[in-house]
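**Student:** File target.pdb follows (PDB, C-alpha atoms and all ligand atoms):
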ATOM      1  CA  MET A   1      20.051  22.360   8.144  1.00  0.00           C
ATOM      2  CA  ASP A   2      19.857  21.826  11.915  1.00  0.00           C
ATOM      3  CA  VAL A   3      19.206  18.200  12.915  1.00  0.00           C
ATOM      4  CA  ASN A   4      17.732  18.063  16.408  1.00  0.00           C
ATOM      5  CA  SER A   5      15.653  14.910  16.768  1.00  0.00           C
ATOM      6  CA  ASN A   6      16.969  11.720  18.361  1.00  0.00           C
ATOM      7  CA  ILE A   7      14.187   9.742  16.728  1.00  0.00           C
ATOM      8  CA  ILE A   8      14.724   5.981  16.303  1.00  0.00           C
ATOM      9  CA  VAL A   9      13.446   4.953  12.895  1.00  0.00           C
ATOM     10  CA  GLY A  10      12.737   1.305  12.052  1.00  0.00           C
ATOM     11  CA  GLY A  11      11.645   1.720   8.437  1.00  0.00           C
ATOM     12  CA  LEU A  12      10.500   4.070   5.697  1.00  0.00           C
ATOM     13  CA  VAL A  13       8.016   4.005   2.824  1.00  0.00           C
ATOM     14  CA  PRO A  14       9.084   6.951   0.648  1.00  0.00           C
ATOM     15  CA  PHE A  15       5.816   7.327  -1.352  1.00  0.00           C
ATOM     16  CA  THR A  16       2.291   6.228  -0.583  1.00  0.00           C
ATOM     17  CA  THR A  17      -1.195   7.433  -1.443  1.00  0.00           C
ATOM     18  CA  ILE A  18      -3.014   5.324   1.154  1.00  0.00           C
ATOM     19  CA  ASP A  19      -1.574   6.409   4.506  1.00  0.00           C
ATOM     20  CA  TYR A  20      -2.846  10.001   4.668  1.00  0.00           C
ATOM     21  CA  PRO A  21      -6.229  10.827   3.134  1.00  0.00           C
ATOM     22  CA  SER A  22      -5.924  12.445  -0.319  1.00  0.00           C
ATOM     23  CA  LYS A  23      -2.239  13.187   0.117  1.00  0.00           C
ATOM     24  CA  MET A  24       1.016  11.819  -1.255  1.00  0.00           C
ATOM     25  CA  SER A  25       2.953  10.954   1.865  1.00  0.00           C
ATOM     26  CA  ALA A  26       6.113   9.335   3.158  1.00  0.00           C
ATOM     27  CA  VAL A  27       5.625   6.973   6.105  1.00  0.00           C
ATOM     28  CA  ILE A  28       8.259   6.747   8.829  1.00  0.00           C
ATOM     29  CA  PHE A  29       8.001   3.624  10.993  1.00  0.00           C
ATOM     30  CA  LEU A  30       9.268   4.163  14.526  1.00  0.00           C
ATOM     31  CA  GLN A  31      10.950   1.637  16.769  1.00  0.00           C
ATOM     32  CA  GLY A  32       9.217   0.284  19.891  1.00  0.00           C
ATOM     33  CA  CYS A  33       5.754  -1.013  20.779  1.00  0.00           C
ATOM     34  CA  PRO A  34       4.498  -2.282  24.169  1.00  0.00           C
ATOM     35  CA  TRP A  35       1.689  -4.398  22.671  1.00  0.00           C
ATOM     36  CA  ARG A  36       1.972  -7.849  21.110  1.00  0.00           C
ATOM     37  CA  CYS A  37      -0.947  -8.067  18.686  1.00  0.00           C
ATOM     38  CA  ILE A  38      -1.501 -11.537  17.326  1.00  0.00           C
ATOM     39  CA  TYR A  39      -1.534 -10.278  13.729  1.00  0.00           C
ATOM     40  CA  CYS A  40       1.361  -7.806  13.992  1.00  0.00           C
ATOM     41  CA  SER A  41       3.291  -7.596  10.744  1.00  0.00           C
ATOM     42  CA  ASN A  42       6.115  -5.517  12.278  1.00  0.00           C
ATOM     43  CA  PRO A  43       7.485  -7.621  15.172  1.00  0.00           C
ATOM     44  CA  HIS A  44      10.992  -6.326  14.382  1.00  0.00           C
ATOM     45  CA  LEU A  45       9.730  -2.962  15.704  1.00  0.00           C
ATOM     46  CA  PHE A  46       8.710  -4.295  19.149  1.00  0.00           C
ATOM     47  CA  GLU A  47      11.972  -3.639  20.981  1.00  0.00           C
ATOM     48  CA  PHE A  48      12.529  -0.337  22.821  1.00  0.00           C
ATOM     49  CA  ARG A  49      16.159   0.775  22.824  1.00  0.00           C
ATOM     50  CA  ARG A  50      18.308   3.853  23.257  1.00  0.00           C
ATOM     51  CA  PRO A  51      19.298   5.921  20.201  1.00  0.00           C
ATOM     52  CA  THR A  52      22.697   5.237  18.637  1.00  0.00           C
ATOM     53  CA  GLN A  53      24.903   7.154  16.230  1.00  0.00           C
ATOM     54  CA  GLN A  54      23.413   4.990  13.476  1.00  0.00           C
ATOM     55  CA  ASP A  55      19.931   6.295  14.385  1.00  0.00           C
ATOM     56  CA  LYS A  56      21.198   9.859  14.010  1.00  0.00           C
ATOM     57  CA  SER A  57      22.635   8.985  10.580  1.00  0.00           C
ATOM     58  CA  ASN A  58      19.379   7.314   9.580  1.00  0.00           C
ATOM     59  CA  TRP A  59      17.442  10.441  10.514  1.00  0.00           C
ATOM     60  CA  GLN A  60      19.860  12.652   8.577  1.00  0.00           C
ATOM     61  CA  TYR A  61      19.442  10.388   5.550  1.00  0.00           C
ATOM     62  CA  ILE A  62      15.625  10.580   5.791  1.00  0.00           C
ATOM     63  CA  LEU A  63      15.725  14.360   6.112  1.00  0.00           C
ATOM     64  CA  SER A  64      17.908  14.665   3.024  1.00  0.00           C
ATOM     65  CA  LEU A  65      15.552  12.363   1.121  1.00  0.00           C
ATOM     66  CA  LEU A  66      12.495  14.369   2.183  1.00  0.00           C
ATOM     67  CA  GLN A  67      14.272  17.599   1.289  1.00  0.00           C
ATOM     68  CA  LYS A  68      14.776  16.336  -2.281  1.00  0.00           C
ATOM     69  CA  ARG A  69      11.060  15.501  -2.522  1.00  0.00           C
ATOM     70  CA  THR A  70       9.359  18.579  -1.148  1.00  0.00           C
ATOM     71  CA  LYS A  71       7.622  19.160  -4.489  1.00  0.00           C
ATOM     72  CA  ILE A  72       6.284  15.599  -4.796  1.00  0.00           C
ATOM     73  CA  LEU A  73       5.209  14.948  -1.212  1.00  0.00           C
ATOM     74  CA  ASP A  74       2.394  16.647   0.700  1.00  0.00           C
ATOM     75  CA  ALA A  75       2.682  14.876   4.044  1.00  0.00           C
ATOM     76  CA  VAL A  76       4.790  12.797   6.411  1.00  0.00           C
ATOM     77  CA  VAL A  77       3.125  10.100   8.521  1.00  0.00           C
ATOM     78  CA  PHE A  78       4.645   8.699  11.716  1.00  0.00           C
ATOM     79  CA  SER A  79       3.710   5.058  12.196  1.00  0.00           C
ATOM     80  CA  GLY A  80       5.057   2.098  14.121  1.00  0.00           C
ATOM     81  CA  GLY A  81       5.734   0.198  16.217  1.00  0.00           C
ATOM     82  CA  GLU A  82       3.911   2.693  18.407  1.00  0.00           C
ATOM     83  CA  ALA A  83       4.927   6.138  17.250  1.00  0.00           C
ATOM     84  CA  THR A  84       3.695   8.037  20.320  1.00  0.00           C
ATOM     85  CA  ALA A  85       6.342   6.241  22.424  1.00  0.00           C
ATOM     86  CA  GLN A  86       8.703   8.789  20.824  1.00  0.00           C
ATOM     87  CA  ALA A  87       6.394  11.793  21.163  1.00  0.00           C
ATOM     88  CA  GLN A  88       9.097  14.327  22.070  1.00  0.00           C
ATOM     89  CA  GLU A  89      11.356  12.993  19.312  1.00  0.00           C
ATOM     90  CA  ILE A  90       8.481  13.358  16.800  1.00  0.00           C
ATOM     91  CA  ILE A  91       7.975  16.992  17.837  1.00  0.00           C
ATOM     92  CA  GLU A  92      11.672  17.640  17.214  1.00  0.00           C
ATOM     93  CA  ALA A  93      11.498  15.694  13.946  1.00  0.00           C
ATOM     94  CA  ILE A  94       8.600  17.844  12.744  1.00  0.00           C
ATOM     95  CA  LYS A  95      10.628  20.959  13.540  1.00  0.00           C
ATOM     96  CA  ASP A  96      13.559  19.491  11.567  1.00  0.00           C
ATOM     97  CA  ILE A  97      11.318  18.837   8.547  1.00  0.00           C
ATOM     98  CA  LYS A  98       9.571  22.205   8.705  1.00  0.00           C
ATOM     99  CA  GLN A  99      12.906  23.949   8.105  1.00  0.00           C
ATOM    100  CA  PHE A 100      12.701  22.938   4.434  1.00  0.00           C
ATOM    101  CA  ALA A 101       9.041  21.916   4.030  1.00  0.00           C
ATOM    102  CA  PRO A 102       6.804  24.314   5.946  1.00  0.00           C
ATOM    103  CA  HIS A 103       3.857  23.248   3.753  1.00  0.00           C
ATOM    104  CA  PHE A 104       3.947  19.543   4.732  1.00  0.00           C
ATOM    105  CA  LYS A 105       1.055  18.055   6.685  1.00  0.00           C
ATOM    106  CA  PHE A 106       1.820  15.573   9.457  1.00  0.00           C
ATOM    107  CA  GLY A 107      -0.067  12.362  10.132  1.00  0.00           C
ATOM    108  CA  LEU A 108       0.097   9.799  12.916  1.00  0.00           C
ATOM    109  CA  HIS A 109      -0.888   6.129  13.051  1.00  0.00           C
ATOM    110  CA  THR A 110      -1.368   5.035  16.649  1.00  0.00           C
ATOM    111  CA  ASN A 111      -2.797   2.212  18.725  1.00  0.00           C
ATOM    112  CA  GLY A 112      -3.626   4.776  21.431  1.00  0.00           C
ATOM    113  CA  CYS A 113      -1.625   3.062  24.161  1.00  0.00           C
ATOM    114  CA  PHE A 114      -0.043   6.293  25.489  1.00  0.00           C
ATOM    115  CA  PRO A 115      -2.872   8.842  25.863  1.00  0.00           C
ATOM    116  CA  ASP A 116      -0.625  11.343  27.732  1.00  0.00           C
ATOM    117  CA  LYS A 117       2.002  11.287  25.002  1.00  0.00           C
ATOM    118  CA  LEU A 118      -0.675  11.523  22.347  1.00  0.00           C
ATOM    119  CA  GLU A 119      -2.110  14.627  24.010  1.00  0.00           C
ATOM    120  CA  MET A 120       1.340  16.209  23.994  1.00  0.00           C
ATOM    121  CA  LEU A 121       1.692  15.493  20.253  1.00  0.00           C
ATOM    122  CA  LEU A 122      -1.738  16.560  19.053  1.00  0.00           C
ATOM    123  CA  PRO A 123      -0.948  20.262  18.483  1.00  0.00           C
ATOM    124  CA  TYR A 124       1.686  19.207  15.927  1.00  0.00           C
ATOM    125  CA  ILE A 125      -0.377  16.606  14.053  1.00  0.00           C
ATOM    126  CA  ASP A 126      -2.930  17.327  11.315  1.00  0.00           C
ATOM    127  CA  TRP A 127      -4.539  13.892  10.903  1.00  0.00           C
ATOM    128  CA  ILE A 128      -4.610  10.694  12.991  1.00  0.00           C
ATOM    129  CA  GLY A 129      -5.464   7.071  12.200  1.00  0.00           C
ATOM    130  CA  LEU A 130      -6.390   5.425  15.530  1.00  0.00           C
ATOM    131  CA  ASP A 131      -6.778   1.655  15.914  1.00  0.00           C
ATOM    132  CA  ILE A 132      -9.760   0.444  17.862  1.00  0.00           C
ATOM    133  CA  LYS A 133      -8.900  -3.204  17.651  1.00  0.00           C
ATOM    134  CA  ALA A 134     -11.899  -4.921  19.222  1.00  0.00           C
ATOM    135  CA  PRO A 135     -14.863  -4.457  21.518  1.00  0.00           C
ATOM    136  CA  CYS A 136     -13.554  -3.991  25.092  1.00  0.00           C
ATOM    137  CA  LYS A 137     -14.314  -7.610  26.059  1.00  0.00           C
ATOM    138  CA  LYS A 138     -11.962  -8.965  23.350  1.00  0.00           C
ATOM    139  CA  TYR A 139      -9.229  -6.327  23.340  1.00  0.00           C
ATOM    140  CA  GLU A 140      -6.673  -8.258  25.334  1.00  0.00           C
ATOM    141  CA  GLN A 141      -7.118 -11.355  23.185  1.00  0.00           C
ATOM    142  CA  ILE A 142      -5.589  -9.303  20.369  1.00  0.00           C
ATOM    143  CA  THR A 143      -3.038  -7.078  22.155  1.00  0.00           C
ATOM    144  CA  LYS A 144      -2.001  -9.537  24.896  1.00  0.00           C
ATOM    145  CA  VAL A 145      -1.790  -6.537  27.268  1.00  0.00           C
ATOM    146  CA  LYS A 146      -4.057  -5.803  30.232  1.00  0.00           C
ATOM    147  CA  GLY A 147      -5.799  -2.427  30.176  1.00  0.00           C
ATOM    148  CA  SER A 148      -5.238  -1.920  26.455  1.00  0.00           C
ATOM    149  CA  SER A 149      -8.896  -1.131  25.703  1.00  0.00           C
ATOM    150  CA  GLU A 150      -8.978   1.586  28.381  1.00  0.00           C
ATOM    151  CA  GLN A 151      -5.840   3.152  26.911  1.00  0.00           C
ATOM    152  CA  ALA A 152      -7.206   3.081  23.369  1.00  0.00           C
ATOM    153  CA  PHE A 153     -10.573   4.566  24.355  1.00  0.00           C
ATOM    154  CA  SER A 154      -8.858   7.291  26.436  1.00  0.00           C
ATOM    155  CA  SER A 155      -6.938   8.238  23.311  1.00  0.00           C
ATOM    156  CA  LEU A 156     -10.124   8.232  21.258  1.00  0.00           C
ATOM    157  CA  ASN A 157     -11.768  10.558  23.768  1.00  0.00           C
ATOM    158  CA  LEU A 158      -8.818  12.933  23.445  1.00  0.00           C
ATOM    159  CA  LEU A 159      -9.199  13.100  19.662  1.00  0.00           C
ATOM    160  CA  LEU A 160     -12.861  13.971  20.140  1.00  0.00           C
ATOM    161  CA  LYS A 161     -12.118  16.479  22.905  1.00  0.00           C
ATOM    162  CA  TYR A 162      -9.600  18.352  20.740  1.00  0.00           C
ATOM    163  CA  ASN A 163     -11.814  18.071  17.646  1.00  0.00           C
ATOM    164  CA  LYS A 164      -9.021  16.517  15.583  1.00  0.00           C
ATOM    165  CA  ASP A 165      -9.343  15.228  12.032  1.00  0.00           C
ATOM    166  CA  PHE A 166      -9.085  11.455  12.446  1.00  0.00           C
ATOM    167  CA  GLU A 167     -10.162   7.994  11.349  1.00  0.00           C
ATOM    168  CA  VAL A 168     -10.863   5.012  13.590  1.00  0.00           C
ATOM    169  CA  ARG A 169      -9.766   1.736  12.020  1.00  0.00           C
ATOM    170  CA  THR A 170     -10.249  -1.931  12.895  1.00  0.00           C
ATOM    171  CA  THR A 171      -8.392  -4.867  11.385  1.00  0.00           C
ATOM    172  CA  ALA A 172     -11.027  -7.520  10.764  1.00  0.00           C
ATOM    173  CA  ASP A 173      -9.227 -10.552  12.160  1.00  0.00           C
ATOM    174  CA  PRO A 174     -11.624 -13.468  11.639  1.00  0.00           C
ATOM    175  CA  THR A 175      -9.777 -15.608  14.179  1.00  0.00           C
ATOM    176  CA  ILE A 176     -11.048 -13.293  16.969  1.00  0.00           C
ATOM    177  CA  LEU A 177     -13.660 -10.880  15.609  1.00  0.00           C
ATOM    178  CA  THR A 178     -17.155 -11.537  14.304  1.00  0.00           C
ATOM    179  CA  LYS A 179     -19.362  -9.179  12.325  1.00  0.00           C
ATOM    180  CA  ASP A 180     -21.356  -8.587  15.519  1.00  0.00           C
ATOM    181  CA  ASP A 181     -18.135  -7.515  17.262  1.00  0.00           C
ATOM    182  CA  ILE A 182     -17.458  -4.969  14.538  1.00  0.00           C
ATOM    183  CA  LEU A 183     -21.043  -3.712  14.695  1.00  0.00           C
ATOM    184  CA  GLU A 184     -20.578  -3.371  18.464  1.00  0.00           C
ATOM    185  CA  ILE A 185     -17.469  -1.226  17.924  1.00  0.00           C
ATOM    186  CA  ALA A 186     -19.287   0.882  15.308  1.00  0.00           C
ATOM    187  CA  GLU A 187     -22.241   1.393  17.638  1.00  0.00           C
ATOM    188  CA  GLN A 188     -19.995   2.360  20.543  1.00  0.00           C
ATOM    189  CA  ILE A 189     -17.849   4.851  18.596  1.00  0.00           C
ATOM    190  CA  SER A 190     -20.813   6.295  16.706  1.00  0.00           C
ATOM    191  CA  LYS A 191     -22.526   7.089  20.020  1.00  0.00           C
ATOM    192  CA  ILE A 192     -19.563   9.172  21.195  1.00  0.00           C
ATOM    193  CA  GLY A 193     -19.296  11.100  17.927  1.00  0.00           C
ATOM    194  CA  VAL A 194     -16.831   9.289  15.635  1.00  0.00           C
ATOM    195  CA  LYS A 195     -17.518  10.281  12.016  1.00  0.00           C
ATOM    196  CA  THR A 196     -14.993   8.232  10.025  1.00  0.00           C
ATOM    197  CA  TYR A 197     -14.426   4.489  10.297  1.00  0.00           C
ATOM    198  CA  ALA A 198     -12.397   2.008   8.273  1.00  0.00           C
ATOM    199  CA  ILE A 199     -12.422  -1.780   8.310  1.00  0.00           C
ATOM    200  CA  GLN A 200      -9.091  -3.175   7.198  1.00  0.00           C
ATOM    201  CA  LYS A 201      -8.369  -6.578   5.742  1.00  0.00           C
ATOM    202  CA  TYR A 202      -6.607  -9.099   7.967  1.00  0.00           C
ATOM    203  CA  ARG A 203      -3.318 -10.279   6.473  1.00  0.00           C
ATOM    204  CA  PRO A 204      -1.850 -13.447   7.999  1.00  0.00           C
ATOM    205  CA  VAL A 205       1.644 -12.959   9.399  1.00  0.00           C
ATOM    206  CA  ASP A 206       2.881 -16.129   7.688  1.00  0.00           C
ATOM    207  CA  LYS A 207       1.181 -16.423   4.302  1.00  0.00           C
ATOM    208  CA  ASN A 208       2.168 -20.077   3.965  1.00  0.00           C
ATOM    209  CA  ASN A 209       0.835 -21.286   7.301  1.00  0.00           C
ATOM    210  CA  PRO A 210      -1.720 -24.061   6.570  1.00  0.00           C
ATOM    211  CA  ASN A 211      -3.692 -22.997   9.674  1.00  0.00           C
ATOM    212  CA  ASN A 212      -4.469 -19.557   8.251  1.00  0.00           C
ATOM    213  CA  PRO A 213      -8.201 -18.864   7.920  1.00  0.00           C
ATOM    214  CA  PRO A 214      -9.535 -19.395   4.380  1.00  0.00           C
ATOM    215  CA  SER A 215     -10.015 -16.315   2.211  1.00  0.00           C
ATOM    216  CA  THR A 216     -13.814 -16.606   2.455  1.00  0.00           C
ATOM    217  CA  GLU A 217     -13.513 -16.053   6.226  1.00  0.00           C
ATOM    218  CA  ILE A 218     -11.113 -13.157   5.751  1.00  0.00           C
ATOM    219  CA  MET A 219     -13.352 -11.569   3.105  1.00  0.00           C
ATOM    220  CA  GLN A 220     -16.666 -12.086   4.941  1.00  0.00           C
ATOM    221  CA  PHE A 221     -16.440  -8.504   6.301  1.00  0.00           C
ATOM    222  CA  PHE A 222     -16.195  -7.044   2.799  1.00  0.00           C
ATOM    223  CA  THR A 223     -18.681  -9.095   0.799  1.00  0.00           C
ATOM    224  CA  ASP A 224     -21.788  -8.989   3.021  1.00  0.00           C
ATOM    225  CA  LYS A 225     -23.977  -6.109   1.779  1.00  0.00           C
ATOM    226  CA  GLU A 226     -26.384  -6.342   4.726  1.00  0.00           C
ATOM    227  CA  PHE A 227     -23.479  -5.989   7.184  1.00  0.00           C
ATOM    228  CA  GLU A 228     -22.111  -3.042   5.230  1.00  0.00           C
ATOM    229  CA  LYS A 229     -25.545  -1.375   5.230  1.00  0.00           C
ATOM    230  CA  LYS A 230     -25.809  -1.707   9.021  1.00  0.00           C
ATOM    231  CA  LEU A 231     -22.336  -0.232   9.446  1.00  0.00           C
ATOM    232  CA  ARG A 232     -23.128   2.697   7.142  1.00  0.00           C
ATOM    233  CA  GLU A 233     -26.283   3.419   9.109  1.00  0.00           C
ATOM    234  CA  LEU A 234     -24.084   3.831  12.178  1.00  0.00           C
ATOM    235  CA  ILE A 235     -21.171   5.648  10.504  1.00  0.00           C
ATOM    236  CA  PRO A 236     -21.893   6.863   6.943  1.00  0.00           C
ATOM    237  CA  ASN A 237     -18.254   7.758   6.257  1.00  0.00           C
ATOM    238  CA  LEU A 238     -17.152   4.127   6.134  1.00  0.00           C
ATOM    239  CA  THR A 239     -14.205   2.683   4.195  1.00  0.00           C
ATOM    240  CA  LEU A 240     -13.850  -1.029   3.508  1.00  0.00           C
ATOM    241  CA  ARG A 241     -10.137  -1.417   2.888  1.00  0.00           C
ATOM    242  CA  PHE A 242      -9.260  -4.772   1.315  1.00  0.00           C
TER     243      PHE A 242
HETATM  244  S1  LIG A 301       0.058  -2.099  18.130  1.00  0.00           S
HETATM  245 FE1  LIG A 301       0.724  -2.272  16.002  1.00  0.00          FE
HETATM  246  S2  LIG A 301       2.976  -2.420  16.094  1.00  0.00           S
HETATM  247 FE2  LIG A 301       2.194  -2.805  18.175  1.00  0.00          FE
HETATM  248  S3  LIG A 301       2.013  -5.034  18.295  1.00  0.00           S
HETATM  249 FE3  LIG A 301       0.007  -4.239  17.658  1.00  0.00          FE
HETATM  250  S4  LIG A 301       0.029  -4.320  15.403  1.00  0.00           S
HETATM  251 FE4  LIG A 301       2.174  -4.504  16.117  1.00  0.00          FE
END
Output the file's structure as structure tokens, nothing else.
Ligand code: SF4
**Tutor:**
Amino acid sequence: MDVNSNIIVGGLVPFTTIDYPSKMSAVIFLQGCPWRCIYCSNPHLFEFRRPTQQDKSNWQYILSLLQKRTKILDAVVFSGGEATAQAQEIIEAIKDIKQFAPHFKFGLHTNGCFPDKLEMLLPYIDWIGLDIKAPCKKYEQITKVKGSSEQAFSSLNLLLKYNKDFEVRTTADPTILTKDDILEIAEQISKIGVKTYAIQKYRPVDKNNPNNPPSTEIMQFFTDKEFEKKLRELIPNLTLRF
């Protein structure tokens, strides 16, 4: 097997049913993210660095693992970190995988921070999960990066322009977002043609921190039937993921 990609992998989940719709997938977490979200559970993936010989070995190991599981898996998902930072490496990685698994689908989880790189990747990707983290006015409170909402919405517009199969998802962080904020996002994305939306449960970075919000605050987005009804009126294909 030819191994061409210089991809820098930060982690792997070998089997999952929840990261690509209706498919058994492996998730490859890629190194490097320019944002600093307050609820990030993967801070070890922040750092950007150059590939090493160890990265090459890691990729060879993952390829051999995927090759053994071509009958069990249907898809490979690139996640992060911010996967699109390694767009060219992903394209090469997909070519590496297709040598032994031409039937695999390819998914991408992205925060949308590199619209140009995303556009380059789209022809190779079958399904995308795009974070829209907040209404524009609150975006930087979550990402800690100026201009992040513009980047994310540019990426969303690309997915619509190319008619891709995708889901928009928002992590319902009760320390920043209210139900009205989430309704504002739903209204905004519904207007431009988004068909699939997921609200994801906030998970505190440090479970034992006494300052974490109580579970009633975390769960308020999933237990309020009136709120859910309003969301479904805007986007019928809604998933409450908790
Ligand atoms: S975009 Fe994702 S990986 Fe990057 S800081 Fe935010 S939560 Fe973490």
**Student:** In Å, rounded to a single decimal, give me how far atom CA of Asp74 of chain A is from atom CA of Asn42 of chain A.
**Tutor:**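 Separation between atom CA of Asn42 of chain A and atom CA of Asp74 of chain A: 25.3 Å.
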**Student:** Within 7 Å of ligand LIG 301 (chain A), which residues show up when you count only C-alpha atoms and all ligand atoms? List them as a list in words, please.
**Tutor:** Cys33, Pro34, Trp35, Arg36, Cys37, Tyr39, Cys40, Ser41, Asn42, Pro43, Leu45, Phe46, Gly80, Gly81, Glu82, Asn111 and Thr143 of chain A
**Student:** Between atom CA of Ser149 of chain A and atom CA of Phe227 of chain A, measure the distance and give it in Å to one decimal.
**Tutor:**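 Interatomic distance here is 24.1 Å.
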**Student:** Written as a list of chain:residue names, what is the full residue list that the PyMOL selection byres (((chain A and resi 172) around 8) and not hetatm) yields on the file shown?
**Tutor:** A:Thr170, A:Thr171, A:Asp173, A:Pro174, A:Leu177, A:Ile182, A:Ile199, A:Gln200, A:Lys201, A:Tyr202, A:Ile218, A:Phe221
**Student:** Ranking A:Glu226, A:Lys95, A:Pro21, A:Gly10 by minimum distance to Asp126 of chain A and counting all atoms listed in the file, which one comes first?
**Tutor:**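 Checking each of A:Glu226, A:Lys95, A:Pro21, A:Gly10 against Asp126 of chain A, counting all atoms listed in the file, the winner is A:Pro21.
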**Student:** Kindly indicate which residue among A:Tyr20, A:Gln67, A:Ser25, A:Ile176 lies nearest to Gln99 of chain A, using only C-alpha atoms for the distances.
**Tutor:**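 Under the stated criterion, the closest residue is A:Gln67.
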**Student:** List as a JSON list (two decimals) with C-alpha atoms, in the frame of the given file the protein and nucleic acid residues near Val9 of chain A, meaning an atom at most 6 Å away when all atoms listed in the file are counted, but skip any in the same chain fewer than 5 places from it.
**Tutor:**
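Writing done, so here's result.json:
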[["chain", "number", "residue", "atom", "x", "y", "z"],
["A", 29, "PHE", "CA", 8.00, 3.62, 10.99],
["A", 30, "LEU", "CA", 9.27, 4.16, 14.53],
["A", 31, "GLN", "CA", 10.95, 1.64, 16.77]]
**Student:** Provide the atom CA of Ala101 of chain A to atom CA of Ala83 of chain A distance in Å, to one decimal place.
**Tutor:**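 Separation between atom CA of Ala101 of chain A and atom CA of Ala83 of chain A: 21.0 Å.
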**Student:** Measuring atom to atom with only C-alpha atoms, identify which of A:Ile185, A:Leu240, A:Cys113, A:Ile7 is nearest to Glu150 of chain A.
**Tutor:** A:Cys113
**Student:** Check what the PyMOL selection byres (((chain A and resi 89) around 9) and not hetatm) selects in the file above and give those residues as a compact mmCIF listing (two decimals) with C-alpha atoms, keeping the file's coordinate frame.
**Tutor:**
# COMPACT_ATOMS: atom_id res chain seq x y z
CA ASN A 4 17.73 18.06 16.41
CA SER A 5 15.65 14.91 16.77
CA ASN A 6 16.97 11.72 18.36
CA ILE A 7 14.19 9.74 16.73
CA ILE A 8 14.72 5.98 16.30
CA ALA A 85 6.34 6.24 22.42
CA GLN A 86 8.70 8.79 20.82
CA ALA A 87 6.39 11.79 21.16
CA GLN A 88 9.10 14.33 22.07
CA ILE A 90 8.48 13.36 16.80
CA ILE A 91 7.98 16.99 17.84
CA GLU A 92 11.67 17.64 17.21
CA ALA A 93 11.50 15.69 13.95
CA ILE A 94 8.60 17.84 12.74
**Student:** For the provided coordinates, the residues matched by the PyMOL selection byres (((chain A and resi 153-160) around 8) and not hetatm) should be stated as a list in words.
**Tutor:**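 Applying the PyMOL selection byres (((chain A and resi 153-160) around 8) and not hetatm) to the structure shown produces Gly112, Cys113, Phe114, Pro115, Leu118, Glu119, Leu130, Ile132, Ser149, Glu150, Gln151, Ala152, Lys161, Tyr162, Asn163, Lys164, Asp165, Phe166, Gly193 and Val194 of chain A.
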**Student:** Find the residue from A:Gln220, A:Thr17, A:Ser79, A:Gln60 that sits nearest to Asp131 of chain A; use only C-alpha atoms when measuring.
**Tutor:**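 Closest candidate: A:Ser79.
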**Student:** Give the answer as one residue: which of A:Thr196, A:Asn208, A:Thr216, A:Thr223 has the shortest atom-to-atom distance to Thr239 of chain A, using only C-alpha atoms?
**Tutor:**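 So, comparing all the options, the nearest one is A:Thr196.
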**Student:** Counting all atoms listed in the file, figure out which residue out of A:Ile38, A:Lys137, A:Val77, A:Pro236 gets nearest to Thr16 of chain A.
**Tutor:** A:Val77
**Student:** For the point (-21.3, 2.9, 14.7) in file coordinates, what residues are within 12 Å, counting all atoms listed in the file? Give the answer as a PyMOL selection string?
**Tutor:** chain A and resi 135+168-169+180-199+227-238
**Student:** As JSON, what would the box around segment 166-185 of chain A look like: edges along x, y and z, 8 Å added on every side, centre and edge lengths in Å to one decimal?
**Tutor:**
{"center_x": -14.9, "center_y": -2.1, "center_z": 14.6, "size_x": 29.0, "size_y": 43.1, "size_z": 23.7}
